[in-house]
>>> print(open('data30.cif').read())   # mmCIF, C-alpha atoms
data_final
loop_
_atom_site.group_PDB
_atom_site.id
_atom_site.type_symbol
_atom_site.label_atom_id
_atom_site.label_comp_id
_atom_site.auth_asym_id
_atom_site.auth_seq_id
_atom_site.Cartn_x
_atom_site.Cartn_y
_atom_site.Cartn_z
ATOM 1 C CA LEU A 1 0.000 0.000 0.000
ATOM 2 C CA ALA A 2 2.962 2.350 0.441
ATOM 3 C CA LEU A 3 3.322 3.107 -3.270
ATOM 4 C CA PRO A 4 -0.301 4.125 -4.023
ATOM 5 C CA LEU A 5 -0.527 5.970 -0.690
ATOM 6 C CA LEU A 6 2.608 8.015 -1.382
ATOM 7 C CA ALA A 7 1.479 8.705 -4.945
ATOM 8 C CA PHE A 8 -1.895 9.967 -3.690
ATOM 9 C CA ILE A 9 -0.336 12.208 -1.034
ATOM 10 C CA LEU A 10 2.036 13.749 -3.572
ATOM 11 C CA PHE A 11 -0.778 14.145 -6.101
ATOM 12 C CA CYS A 12 -2.865 16.083 -3.571
ATOM 13 C CA ALA A 13 0.115 18.277 -2.687
ATOM 14 C CA LEU A 14 0.906 18.961 -6.334
ATOM 15 C CA TRP A 15 -2.726 19.736 -7.097
ATOM 16 C CA SER A 16 -2.828 22.207 -4.196
ATOM 17 C CA PHE A 17 0.200 23.949 -5.674
ATOM 18 C CA SER A 18 -1.216 24.113 -9.204
ATOM 19 C CA SER A 19 -3.640 26.662 -10.626
ATOM 20 C CA GLY A 20 -5.715 24.235 -12.681
ATOM 21 C CA ASP A 21 -7.893 21.221 -11.982
ATOM 22 C CA PHE A 22 -6.106 18.157 -13.306
ATOM 23 C CA LEU A 23 -8.570 15.403 -14.272
ATOM 24 C CA GLY A 24 -11.385 17.388 -12.626
ATOM 25 C CA PHE A 25 -10.123 16.372 -9.191
ATOM 26 C CA CYS A 26 -11.370 19.411 -7.276
ATOM 27 C CA ALA A 27 -14.673 19.461 -9.151
ATOM 28 C CA ALA A 28 -15.309 15.893 -8.032
ATOM 29 C CA LEU A 29 -14.363 16.725 -4.438
ATOM 30 C CA THR A 30 -16.614 19.769 -4.430
ATOM 31 C CA GLN A 31 -19.519 17.751 -5.786
ATOM 32 C CA LEU A 32 -19.033 14.975 -3.251
ATOM 33 C CA SER A 33 -18.496 17.173 -0.208
ATOM 34 C CA GLY A 34 -20.317 20.389 -1.037
ATOM 35 C CA TYR A 35 -17.170 22.248 0.022
ATOM 36 C CA ASP A 36 -15.596 24.725 -2.408
ATOM 37 C CA VAL A 37 -12.164 23.150 -2.664
ATOM 38 C CA VAL A 38 -10.915 25.587 -5.309
ATOM 39 C CA ALA A 39 -11.765 28.619 -3.180
ATOM 40 C CA ALA A 40 -9.969 27.058 -0.222
ATOM 41 C CA ARG A 41 -6.908 26.377 -2.342
ATOM 42 C CA ASP A 42 -6.873 29.883 -3.795
ATOM 43 C CA ALA A 43 -7.088 31.355 -0.283
ATOM 44 C CA THR A 44 -4.006 29.462 0.887
ATOM 45 C CA ALA A 45 -1.255 31.839 1.986
ATOM 46 C CA ALA A 46 2.133 31.445 0.314
ATOM 47 C CA TRP A 47 3.907 30.597 3.564
ATOM 48 C CA HIS A 48 1.513 27.719 4.160
ATOM 49 C CA TYR A 49 3.145 25.917 1.266
ATOM 50 C CA LEU A 50 6.322 25.639 3.313
ATOM 51 C CA SER A 51 4.512 23.245 5.630
ATOM 52 C CA VAL A 52 3.280 21.328 2.575
ATOM 53 C CA VAL A 53 6.855 20.936 1.334
ATOM 54 C CA LEU A 54 8.120 19.819 4.748
ATOM 55 C CA ASN A 55 5.286 17.324 5.129
ATOM 56 C CA CYS A 56 5.901 15.940 1.645
ATOM 57 C CA ILE A 57 9.594 15.488 2.451
ATOM 58 C CA LEU A 58 8.642 13.652 5.637
ATOM 59 C CA MET A 59 6.153 11.438 3.783
ATOM 60 C CA ILE A 60 8.703 10.620 1.087
ATOM 61 C CA GLY A 61 11.043 9.532 3.871
ATOM 62 C CA LEU A 62 8.545 7.567 5.954
ATOM 63 C CA ILE A 63 6.375 6.054 3.220
ATOM 64 C CA GLY A 64 8.875 6.031 0.361
ATOM 65 C CA THR A 65 12.456 5.574 1.484
ATOM 66 C CA ILE A 66 11.971 3.294 4.497
ATOM 67 C CA PRO A 67 9.665 0.726 2.824
ATOM 68 C CA GLY A 68 11.771 1.091 -0.345
ATOM 69 C CA HIS A 69 14.856 0.240 1.696
ATOM 70 C CA GLU A 70 13.184 -2.851 3.106
ATOM 71 C CA LEU A 71 11.869 -4.046 -0.261
ATOM 72 C CA THR A 72 15.125 -3.585 -2.167
ATOM 73 C CA HIS A 73 16.862 -5.868 0.322
ATOM 74 C CA ARG A 74 14.627 -8.653 -1.047
ATOM 75 C CA THR A 75 16.852 -9.176 -4.071
ATOM 76 C CA TRP A 76 15.305 -12.596 -4.720
ATOM 77 C CA ASP A 77 11.836 -11.089 -5.306
ATOM 78 C CA PRO A 78 11.462 -9.083 -8.559
ATOM 79 C CA VAL A 79 8.083 -7.626 -7.527
ATOM 80 C CA SER A 80 9.429 -6.320 -4.220
ATOM 81 C CA MET A 81 12.445 -4.886 -6.023
ATOM 82 C CA LEU A 82 10.254 -3.105 -8.575
ATOM 83 C CA ILE A 83 7.939 -1.589 -5.961
ATOM 84 C CA GLY A 84 10.921 -0.634 -3.809
ATOM 85 C CA ARG A 85 12.631 1.117 -6.708
ATOM 86 C CA TRP A 86 9.474 3.085 -7.567
ATOM 87 C CA LEU A 87 9.242 4.179 -3.936
ATOM 88 C CA LEU A 88 12.870 5.327 -4.075
ATOM 89 C CA ALA A 89 12.193 7.145 -7.351
ATOM 90 C CA PHE A 90 10.161 9.681 -5.352
ATOM 91 C CA SER A 91 13.448 10.866 -3.816
ATOM 92 C CA PHE A 92 15.475 10.595 -7.054
ATOM 93 C CA ASP A 93 17.346 7.751 -5.385
ATOM 94 C CA THR A 94 16.766 4.465 -7.209
ATOM 95 C CA SER A 95 20.559 4.026 -7.228
ATOM 96 C CA PHE A 96 20.226 3.459 -3.482
ATOM 97 C CA ALA A 97 18.873 -0.022 -4.278
ATOM 98 C CA ILE A 98 22.277 -0.858 -5.765
ATOM 99 C CA GLU A 99 24.757 1.046 -3.617
ATOM 100 C CA HIS A 100 23.074 0.294 -0.299
ATOM 101 C CA VAL A 101 22.781 -3.458 -0.741
ATOM 102 C CA TYR A 102 26.042 -4.144 -2.589
ATOM 103 C CA GLY A 103 28.190 -1.252 -1.363
ATOM 104 C CA HIS A 104 27.075 0.187 1.961
ATOM 105 C CA HIS A 105 26.475 -3.163 3.663
ATOM 106 C CA ARG A 106 29.897 -4.354 2.533
ATOM 107 C CA TYR A 107 31.947 -1.262 3.386
ATOM 108 C CA VAL A 108 29.980 0.255 6.279
ATOM 109 C CA SER A 109 32.095 1.992 8.930
ATOM 110 C CA THR A 110 35.107 2.230 6.610
ATOM 111 C CA SER A 111 36.457 5.016 4.424
ATOM 112 C CA GLY A 112 35.143 3.105 1.408
ATOM 113 C CA ASP A 113 31.523 3.708 2.413
ATOM 114 C CA PRO A 114 30.033 7.016 1.211
ATOM 115 C CA ALA A 115 27.250 6.819 3.820
ATOM 116 C CA THR A 116 29.613 6.588 6.814
ATOM 117 C CA ALA A 117 30.494 10.097 7.991
ATOM 118 C CA PRO A 118 34.052 10.447 9.311
ATOM 119 C CA ARG A 119 34.601 12.086 12.673
ATOM 120 C CA GLY A 120 34.343 15.855 12.513
ATOM 121 C CA ARG A 121 32.206 16.064 9.380
ATOM 122 C CA ASN A 122 29.035 18.167 9.626
ATOM 123 C CA VAL A 123 25.729 16.896 8.329
ATOM 124 C CA TYR A 124 25.341 19.482 5.564
ATOM 125 C CA PHE A 125 28.613 18.539 3.908
ATOM 126 C CA HIS A 126 27.714 14.883 4.390
ATOM 127 C CA ILE A 127 24.416 15.259 2.527
ATOM 128 C CA LEU A 128 26.267 16.529 -0.535
ATOM 129 C CA ALA A 129 29.299 14.245 -0.317
ATOM 130 C CA SER A 130 27.350 11.061 0.381
ATOM 131 C CA SER A 131 24.819 11.777 -2.368
ATOM 132 C CA ILE A 132 27.504 12.302 -5.005
ATOM 133 C CA LYS A 133 29.774 9.455 -3.923
ATOM 134 C CA GLY A 134 26.834 7.112 -3.405
ATOM 135 C CA ASN A 135 25.631 7.617 -6.970
ATOM 136 C CA LEU A 136 29.156 7.173 -8.324
ATOM 137 C CA SER A 137 29.495 3.981 -6.292
ATOM 138 C CA ALA A 138 26.203 2.645 -7.663
ATOM 139 C CA TRP A 139 27.392 3.368 -11.210
ATOM 140 C CA LYS A 140 30.672 1.495 -10.604
ATOM 141 C CA ILE A 141 28.892 -1.488 -9.065
ATOM 142 C CA GLU A 142 26.412 -1.666 -11.935
ATOM 143 C CA SER A 143 29.147 -1.214 -14.553
ATOM 144 C CA LYS A 144 31.074 -4.163 -13.110
ATOM 145 C CA ARG A 145 27.922 -6.300 -13.133
ATOM 146 C CA LEU A 146 27.214 -5.488 -16.768
ATOM 147 C CA LYS A 147 30.840 -6.087 -17.770
ATOM 148 C CA ARG A 148 30.724 -9.563 -16.233
ATOM 149 C CA LYS A 149 27.615 -10.287 -18.304
ATOM 150 C CA GLY A 150 29.094 -8.813 -21.481
ATOM 151 C CA GLN A 151 26.473 -6.047 -21.664
ATOM 152 C CA SER A 152 26.869 -2.348 -22.411
ATOM 153 C CA ARG A 153 26.886 0.194 -19.585
ATOM 154 C CA PHE A 154 24.728 2.501 -21.672
ATOM 155 C CA GLY A 155 21.959 0.107 -22.648
ATOM 156 C CA TRP A 156 18.562 -0.815 -21.265
ATOM 157 C CA HIS A 157 20.115 -3.419 -18.971
ATOM 158 C CA ASN A 158 21.712 -0.667 -16.863
ATOM 159 C CA THR A 159 19.634 -0.497 -13.675
ATOM 160 C CA VAL A 160 21.030 2.926 -12.771
ATOM 161 C CA LEU A 161 19.837 4.469 -16.038
ATOM 162 C CA ARG A 162 16.444 2.792 -15.813
ATOM 163 C CA GLY A 163 16.098 4.144 -12.295
ATOM 164 C CA GLN A 164 16.787 7.688 -13.453
ATOM 165 C CA LEU A 165 14.076 7.256 -16.075
ATOM 166 C CA MET A 166 11.652 6.232 -13.323
ATOM 167 C CA SER A 167 12.315 9.502 -11.493
ATOM 168 C CA LEU A 168 11.999 11.411 -14.767
ATOM 169 C CA VAL A 169 8.562 9.842 -15.306
ATOM 170 C CA LEU A 170 7.482 11.216 -11.924
ATOM 171 C CA VAL A 171 8.790 14.690 -12.783
ATOM 172 C CA MET A 172 6.873 14.615 -16.074
ATOM 173 C CA ALA A 173 3.737 13.493 -14.228
ATOM 174 C CA ALA A 174 4.162 16.451 -11.873
ATOM 175 C CA TRP A 175 4.552 18.713 -14.922
ATOM 176 C CA ALA A 176 1.324 17.332 -16.389
ATOM 177 C CA ILE A 177 -0.553 18.235 -13.202
ATOM 178 C CA GLY A 178 0.411 21.898 -13.143
ATOM 179 C CA GLY A 179 3.295 22.816 -15.410
ATOM 180 C CA TRP A 180 6.830 23.791 -14.487
ATOM 181 C CA GLN A 181 5.763 25.084 -11.056
ATOM 182 C CA THR A 182 4.530 21.686 -9.908
ATOM 183 C CA ALA A 183 7.515 19.949 -11.511
ATOM 184 C CA LEU A 184 9.793 22.255 -9.521
ATOM 185 C CA PHE A 185 7.698 21.711 -6.377
ATOM 186 C CA PHE A 186 8.024 17.941 -6.749
ATOM 187 C CA SER A 187 11.766 18.169 -7.423
ATOM 188 C CA VAL A 188 12.307 20.199 -4.243
ATOM 189 C CA CYS A 189 10.354 17.610 -2.240
ATOM 190 C CA ALA A 190 12.266 14.739 -3.862
ATOM 191 C CA LEU A 191 15.650 16.304 -3.150
ATOM 192 C CA GLY A 192 14.491 16.994 0.401
ATOM 193 C CA GLY A 193 13.578 13.331 0.764
ATOM 194 C CA LYS A 194 17.040 12.339 -0.432
ATOM 195 C CA ALA A 195 18.614 14.798 2.025
ATOM 196 C CA LEU A 196 16.549 13.264 4.834
ATOM 197 C CA LEU A 197 17.953 9.834 3.987
ATOM 198 C CA GLU A 198 21.502 11.154 4.128
ATOM 199 C CA ILE A 199 20.825 12.804 7.491
ATOM 200 C CA VAL A 200 19.696 9.414 8.784
ATOM 201 C CA ASN A 201 22.798 7.751 7.306
ATOM 202 C CA TYR A 202 24.878 10.382 9.073
ATOM 203 C CA MET A 203 23.255 9.568 12.413
ATOM 204 C CA GLU A 204 23.499 5.813 12.023
ATOM 205 C CA HIS A 205 27.235 5.512 11.324
ATOM 206 C CA TYR A 206 28.914 8.779 12.315
ATOM 207 C CA GLY A 207 32.489 8.262 13.458
ATOM 208 C CA MET A 208 32.483 4.474 13.244
ATOM 209 C CA VAL A 209 35.709 2.733 12.190
ATOM 210 C CA ARG A 210 36.376 -0.823 11.012
ATOM 211 C CA ASN A 211 38.999 -2.787 9.139
ATOM 212 C CA PRO A 212 37.325 -3.679 5.802
ATOM 213 C CA ALA A 213 38.758 -7.196 6.098
ATOM 214 C CA THR A 214 36.836 -7.884 9.317
ATOM 215 C CA PRO A 215 33.128 -8.789 9.486
ATOM 216 C CA VAL A 216 30.470 -6.190 10.255
ATOM 217 C CA GLN A 217 29.298 -6.456 13.860
ATOM 218 C CA PRO A 218 26.434 -4.829 15.820
ATOM 219 C CA ARG A 219 28.964 -2.397 17.304
ATOM 220 C CA HIS A 220 29.495 -0.764 13.899
ATOM 221 C CA SER A 221 26.148 1.095 13.884
ATOM 222 C CA TRP A 222 24.457 3.514 16.247
ATOM 223 C CA ASN A 223 21.268 1.961 17.556
ATOM 224 C CA THR A 224 18.175 3.155 19.408
ATOM 225 C CA ASN A 225 15.283 1.194 20.869
ATOM 226 C CA LYS A 226 12.776 4.020 21.282
ATOM 227 C CA ARG A 227 9.284 2.675 20.683
ATOM 228 C CA ILE A 228 7.990 5.564 18.582
ATOM 229 C CA SER A 229 10.993 5.233 16.264
ATOM 230 C CA SER A 230 10.308 1.504 15.925
ATOM 231 C CA TRP A 231 6.600 1.971 15.209
ATOM 232 C CA ALA A 232 7.037 4.825 12.745
ATOM 233 C CA MET A 233 10.089 3.527 10.906
ATOM 234 C CA PHE A 234 9.625 -0.230 10.441
ATOM 235 C CA ASN A 235 12.293 -0.983 13.079
ATOM 236 C CA LEU A 236 14.925 0.921 11.096
ATOM 237 C CA ASN A 237 16.219 2.160 14.441
ATOM 238 C CA ARG A 238 17.317 -1.383 15.282
ATOM 239 C CA HIS A 239 20.176 -0.677 12.959
ATOM 240 C CA SER A 240 22.832 -2.724 14.691
ATOM 241 C CA HIS A 241 20.951 -5.952 14.003
ATOM 242 C CA HIS A 242 20.135 -4.824 10.459
ATOM 243 C CA HIS A 243 23.815 -4.449 9.595
ATOM 244 C CA ALA A 244 24.898 -7.573 11.418
ATOM 245 C CA GLN A 245 22.304 -9.584 9.442
ATOM 246 C CA GLY A 246 21.059 -7.559 6.485
ATOM 247 C CA GLU A 247 18.803 -10.328 5.203
ATOM 248 C CA VAL A 248 16.592 -10.327 8.329
ATOM 249 C CA PRO A 249 13.155 -8.742 7.610
ATOM 250 C CA TYR A 250 12.257 -5.625 9.581
ATOM 251 C CA GLN A 251 9.648 -7.343 11.772
ATOM 252 C CA ASP A 252 12.273 -9.803 13.069
ATOM 253 C CA LEU A 253 14.960 -7.259 13.980
ATOM 254 C CA LYS A 254 15.985 -7.419 17.650
ATOM 255 C CA PRO A 255 16.617 -4.392 19.896
ATOM 256 C CA PHE A 256 20.247 -5.280 20.827
ATOM 257 C CA PRO A 257 20.316 -3.278 24.093
ATOM 258 C CA ASP A 258 24.110 -3.639 24.412
ATOM 259 C CA ALA A 259 24.829 -2.001 21.041
ATOM 260 C CA PRO A 260 26.143 1.595 20.809
ATOM 261 C CA MET A 261 23.226 3.954 21.391
ATOM 262 C CA MET A 262 22.251 7.180 19.640
ATOM 263 C CA ILE A 263 21.593 10.417 21.489
ATOM 264 C CA GLY A 264 17.850 9.694 21.497
ATOM 265 C CA GLY A 265 15.111 8.555 19.141
ATOM 266 C CA TYR A 266 15.353 9.223 15.413
ATOM 267 C CA LEU A 267 13.331 12.444 15.346
ATOM 268 C CA SER A 268 15.210 14.086 18.211
ATOM 269 C CA THR A 269 18.548 12.906 16.823
ATOM 270 C CA ILE A 270 17.709 14.352 13.388
ATOM 271 C CA ILE A 271 17.077 17.729 15.004
ATOM 272 C CA VAL A 272 20.376 17.568 16.898
ATOM 273 C CA ALA A 273 22.248 16.539 13.738
ATOM 274 C CA LEU A 274 20.991 19.695 11.997
ATOM 275 C CA LEU A 275 22.795 21.769 14.655
ATOM 276 C CA PRO A 276 26.482 20.839 14.166
ATOM 277 C CA PRO A 277 27.876 22.523 17.318
ATOM 278 C CA LEU A 278 25.300 20.731 19.472
ATOM 279 C CA TRP A 279 25.828 17.486 17.568
ATOM 280 C CA HIS A 280 29.576 17.468 18.152
ATOM 281 C CA LYS A 281 29.139 18.467 21.793
ATOM 282 C CA LEU A 282 26.820 15.515 22.445
ATOM 283 C CA MET A 283 28.462 12.972 20.153
ATOM 284 C CA THR A 284 32.102 13.488 21.101
ATOM 285 C CA PRO A 285 31.660 11.736 24.490
ATOM 286 C CA LYS A 286 29.709 8.942 22.789
ATOM 287 C CA VAL A 287 32.389 8.438 20.154
ATOM 288 C CA LEU A 288 35.106 8.300 22.811
ATOM 289 C CA GLU A 289 32.996 5.845 24.810
ATOM 290 C CA TRP A 290 32.731 3.701 21.672
ATOM 291 C CA ASP A 291 36.523 3.727 21.392
ATOM 292 C CA ARG A 292 36.915 2.549 24.983
ATOM 293 C CA ARG A 293 34.021 0.127 25.243
ATOM 294 C CA TYR A 294 33.415 -1.350 21.797
ATOM 295 C CA ALA A 295 36.511 -0.983 19.616
ATOM 296 C CA THR A 296 38.974 -3.802 19.113
ATOM 297 C CA GLN A 297 42.680 -3.082 19.556
ATOM 298 C CA GLU A 298 43.020 -2.571 15.810
ATOM 299 C CA GLU A 299 39.970 -0.317 15.716
ATOM 300 C CA ARG A 300 41.390 1.775 18.554
ATOM 301 C CA GLN A 301 44.367 2.597 16.369
ATOM 302 C CA LEU A 302 42.030 3.573 13.535
ATOM 303 C CA ALA A 303 40.050 5.645 16.037
ATOM 304 C CA VAL A 304 43.163 7.501 17.230
ATOM 305 C CA GLU A 305 43.981 8.401 13.632
ATOM 306 C CA ALA A 306 40.382 9.464 12.965
ATOM 307 C CA ASN A 307 40.336 11.591 16.120
ATOM 308 C CA ALA A 308 43.556 13.343 15.132
ATOM 309 C CA ARG A 309 42.071 14.240 11.723
ATOM 310 C CA SER A 310 38.641 15.243 13.018
ATOM 311 C CA GLY A 311 39.178 18.923 13.778
ATOM 312 C CA ILE A 312 37.069 18.454 16.919
ATOM 313 C CA ARG A 313 38.862 19.686 20.027
ATOM 314 C CA GLY A 314 37.754 16.872 22.337
ATOM 315 C CA LEU A 315 38.605 14.150 19.827
ATOM 316 C CA MET A 316 41.998 15.643 18.957
ATOM 317 C CA ALA A 317 42.804 15.943 22.664
ATOM 318 C CA ALA A 318 41.952 12.260 23.098
ATOM 319 C CA ALA A 319 44.285 11.376 20.231
ATOM 320 C CA ARG A 320 47.134 13.398 21.755
ATOM 321 C CA SER A 321 46.620 11.725 25.131
ATOM 322 C CA VAL A 322 47.436 8.289 23.717
ATOM 323 C CA PRO A 323 51.150 7.548 24.302
ATOM 324 C CA GLU A 324 53.212 7.064 21.147
ATOM 325 C CA VAL A 325 54.309 3.625 22.330
ATOM 326 C CA THR A 326 50.678 2.586 22.751
ATOM 327 C CA ARG A 327 49.850 3.820 19.262
ATOM 328 C CA ARG A 328 52.642 1.755 17.723
ATOM 329 C CA ALA A 329 51.636 -1.308 19.734
ATOM 330 C CA ALA A 330 48.054 -0.911 18.539
#
>>> encode(input="data30.cif", output="structure tokens")
Amino acid sequence: LALPLLAFILFCALWSFSSGDFLGFCAALTQLSGYDVVAARDATAAWHYLSVVLNCILMIGLIGTIPGHELTHRTWDPVSMLIGRWLLAFSFDTSFAIEHVYGHHRYVSTSGDPATAPRGRNVYFHILASSIKGNLSAWKIESKRLKRKGQSRFGWHNTVLRGQLMSLVLVMAAWAIGGWQTALFFSVCALGGKALLEIVNYMEHYGMVRNPATPVQPRHSWNTNKRISSWAMFNLNRHSHHHAQGEVPYQDLKPFPDAPMMIGGYLSTIIVALLPPLWHKLMTPKVLEWDRRYATQEERQLAVEANARSGIRGLMAAARSVPEVTRRAA
């Protein structure tokens, strides 16, 4: 139901932003309800549309990206993959179905993972960097797949290109509803939905380190067991279990109370992440606790190096406090 529900919500938002009456939608509503829908729309103040945009971004995240993430993990089921990719198309992010499953889950908590934010990075830079590098990673993964099969990177078999066409279809549908204004409105909402995903990626793996040759463990993701986050986000907050066993469906994910914990639930942590000084103030102690409590000896050495590069006073001080002999031994 996620796909038709999201499509209907976006259609209503786009119609409210248009000046026409696509397919006689408002005429039908007026006839059914006796309420002058057009007059209500025309009386909407310009600043009210800001709340429409923000709500659409939230809906794209909750109804589009999260179910899309779950469905595109079901690589054995073509129907689930197709629905999941259409859901991700609403945030211009069908490449996520490739990079996330075959890249992120393999390289998480290493420098090879675009979605893992290194220590000291702020969320706004991460949104841009992760989006660009994630798409490039998806292209490389898909190119290698096609090369193995002897197929062209620029043909119909390229899943990345087909995914971009899916998003283009949605933009053209938005254009049909109300012209360039609604196409622009939809594009802003879609890009906002993509940004929301990258904010969540930032929260889930900020500052984590791992040797790429070692297996992914629950300690390599920030977790939270807040009930509202679980109910609203299909247990996405049980992220430690998800990365330890990516094939486990969302309803079977366990809370893992001993895993590294976020600042709070997802909504509150998103708000904190948007305020970099507050984020670093609250996360620096958590990152240092991770180094002491969760990191292996090898990971502690990686952590010392990451702290020294971070540009964050508390982390750099922690790096300087480690004796040189201890660093070499690590």
>>> residues_around(input="data30.cif", residues="Arg85 (chain A)", least_positions_apart="3", cutoff="6 Å", atoms="all atoms listed in the file", output="list in words")
Leu82, Leu88 and Thr94 of chain A
>>> closest_atom_pairs(input="data30.cif", of="region 268-299 of chain A", to="region 221-228 of chain A", cutoff="12 Å", atoms="only C-alpha atoms", output="JSON lines")
{"residue": "A:Ser268", "atom": "CA", "partner": "A:Lys226", "partner_atom": "CA", "distance": 10.8}
{"residue": "A:Thr269", "atom": "CA", "partner": "A:Thr224", "partner_atom": "CA", "distance": 10.1}
{"residue": "A:Met283", "atom": "CA", "partner": "A:Trp222", "partner_atom": "CA", "distance": 11.0}
{"residue": "A:Lys286", "atom": "CA", "partner": "A:Trp222", "partner_atom": "CA", "distance": 10.0}
{"residue": "A:Val287", "atom": "CA", "partner": "A:Trp222", "partner_atom": "CA", "distance": 10.1}
{"residue": "A:Trp290", "atom": "CA", "partner": "A:Trp222", "partner_atom": "CA", "distance": 9.9}
{"residue": "A:Tyr294", "atom": "CA", "partner": "A:Ser221", "partner_atom": "CA", "distance": 11.0}
>>> write_last_selection(input="data30.cif", atoms="C-alpha atoms", output="tab-separated table (two decimals), in the coordinates of the input")
chain	number	residue	atom	x	y	z
A	268	SER	CA	15.21	14.09	18.21
A	269	THR	CA	18.55	12.91	16.82
A	283	MET	CA	28.46	12.97	20.15
A	286	LYS	CA	29.71	8.94	22.79
A	287	VAL	CA	32.39	8.44	20.15
A	290	TRP	CA	32.73	3.70	21.67
A	294	TYR	CA	33.42	-1.35	21.80
>>> resolve_selection(input="data30.cif", expression="the PyMOL selection byres ((chain A and resi 95) around 7)", output="JSON, numbers by chain")
{"A": [93, 94, 96, 97, 98, 99, 135, 138, 160, 163]}
>>> axis_aligned_box(input="data30.cif", around="region 125-133 of chain A", padding_each_side="6 Å", output="lines of an AutoDock Vina configuration file")
center_x = 27.1
center_y = 14.0
center_z = -0.3
size_x = 17.4
size_y = 21.1
size_z = 21.4
>>> resolve_selection(input="data30.cif", expression="the PyMOL selection byres ((chain A and resi 112) around 12)", output="PDB file with C-alpha atoms, in the frame of the given file")
ATOM      1  CA  GLU A  99      24.757   1.046  -3.617  1.00  0.00           C
ATOM      2  CA  GLY A 103      28.190  -1.252  -1.363  1.00  0.00           C
ATOM      3  CA  HIS A 104      27.075   0.187   1.961  1.00  0.00           C
ATOM      4  CA  HIS A 105      26.475  -3.163   3.663  1.00  0.00           C
ATOM      5  CA  ARG A 106      29.897  -4.354   2.533  1.00  0.00           C
ATOM      6  CA  TYR A 107      31.947  -1.262   3.386  1.00  0.00           C
ATOM      7  CA  VAL A 108      29.980   0.255   6.279  1.00  0.00           C
ATOM      8  CA  SER A 109      32.095   1.992   8.930  1.00  0.00           C
ATOM      9  CA  THR A 110      35.107   2.230   6.610  1.00  0.00           C
ATOM     10  CA  SER A 111      36.457   5.016   4.424  1.00  0.00           C
ATOM     11  CA  ASP A 113      31.523   3.708   2.413  1.00  0.00           C
ATOM     12  CA  PRO A 114      30.033   7.016   1.211  1.00  0.00           C
ATOM     13  CA  ALA A 115      27.250   6.819   3.820  1.00  0.00           C
ATOM     14  CA  THR A 116      29.613   6.588   6.814  1.00  0.00           C
ATOM     15  CA  ALA A 117      30.494  10.097   7.991  1.00  0.00           C
ATOM     16  CA  PRO A 118      34.052  10.447   9.311  1.00  0.00           C
ATOM     17  CA  SER A 130      27.350  11.061   0.381  1.00  0.00           C
ATOM     18  CA  LYS A 133      29.774   9.455  -3.923  1.00  0.00           C
ATOM     19  CA  GLY A 134      26.834   7.112  -3.405  1.00  0.00           C
ATOM     20  CA  SER A 137      29.495   3.981  -6.292  1.00  0.00           C
ATOM     21  CA  VAL A 209      35.709   2.733  12.190  1.00  0.00           C
ATOM     22  CA  ARG A 210      36.376  -0.823  11.012  1.00  0.00           C
ATOM     23  CA  ASN A 211      38.999  -2.787   9.139  1.00  0.00           C
ATOM     24  CA  PRO A 212      37.325  -3.679   5.802  1.00  0.00           C
ATOM     25  CA  ALA A 213      38.758  -7.196   6.098  1.00  0.00           C
TER      26      ALA A 213
END
>>> closest_atom_pairs(input="data30.cif", of="region 154-204 of chain A", to="region 232-255 of chain A", cutoff="12 Å", atoms="only C-alpha atoms", output="CSV")
residue,atom,partner,partner_atom,distance
A:Leu197,CA,A:Leu236,CA,11.8
A:Val200,CA,A:Asn237,CA,9.8
A:Asn201,CA,A:His239,CA,10.5
A:Met203,CA,A:Asn237,CA,10.4
A:Glu204,CA,A:His239,CA,7.4
>>> resolve_selection(input="data30.cif", expression="the PyMOL selection byres ((chain A and resi 11) around 12)", output="ChimeraX atom specification")
/A:4-10,12-18,21-23,25-26,52,56,90,170-171,173-178,182-183,185-186
>>> closest_residue(input="data30.cif", among="A:Thr75, A:Met261, A:Arg300, A:Ile271", to="Val101 (chain A)", atoms="all atoms listed in the file")
A:Thr75
>>> build_atoms(input="data30.cif", residues="region 136-143 of chain A", atoms="N, CA and C atoms", output="PDB file, in the frame of the given file")
ATOM      1  N   LEU A 136      27.983   7.652  -7.593  1.00  0.00           N
ATOM      2  CA  LEU A 136      29.156   7.173  -8.324  1.00  0.00           C
ATOM      3  C   LEU A 136      29.442   5.715  -7.984  1.00  0.00           C
ATOM      4  N   SER A 137      29.283   5.364  -6.710  1.00  0.00           N
ATOM      5  CA  SER A 137      29.495   3.981  -6.292  1.00  0.00           C
ATOM      6  C   SER A 137      28.493   3.047  -6.959  1.00  0.00           C
ATOM      7  N   ALA A 138      27.233   3.464  -7.013  1.00  0.00           N
ATOM      8  CA  ALA A 138      26.203   2.645  -7.663  1.00  0.00           C
ATOM      9  C   ALA A 138      26.540   2.426  -9.134  1.00  0.00           C
ATOM     10  N   TRP A 139      27.029   3.482  -9.797  1.00  0.00           N
ATOM     11  CA  TRP A 139      27.392   3.368 -11.210  1.00  0.00           C
ATOM     12  C   TRP A 139      28.543   2.367 -11.389  1.00  0.00           C
ATOM     13  N   LYS A 140      29.539   2.414 -10.512  1.00  0.00           N
ATOM     14  CA  LYS A 140      30.672   1.495 -10.604  1.00  0.00           C
ATOM     15  C   LYS A 140      30.233   0.056 -10.367  1.00  0.00           C
ATOM     16  N   ILE A 141      29.384  -0.138  -9.367  1.00  0.00           N
ATOM     17  CA  ILE A 141      28.892  -1.488  -9.065  1.00  0.00           C
ATOM     18  C   ILE A 141      28.101  -2.043 -10.241  1.00  0.00           C
ATOM     19  N   GLU A 142      27.231  -1.219 -10.804  1.00  0.00           N
ATOM     20  CA  GLU A 142      26.412  -1.666 -11.935  1.00  0.00           C
ATOM     21  C   GLU A 142      27.267  -1.894 -13.174  1.00  0.00           C
ATOM     22  N   SER A 143      28.261  -1.047 -13.395  1.00  0.00           N
ATOM     23  CA  SER A 143      29.147  -1.214 -14.553  1.00  0.00           C
ATOM     24  C   SER A 143      29.897  -2.538 -14.474  1.00  0.00           C
TER      25      SER A 143
END
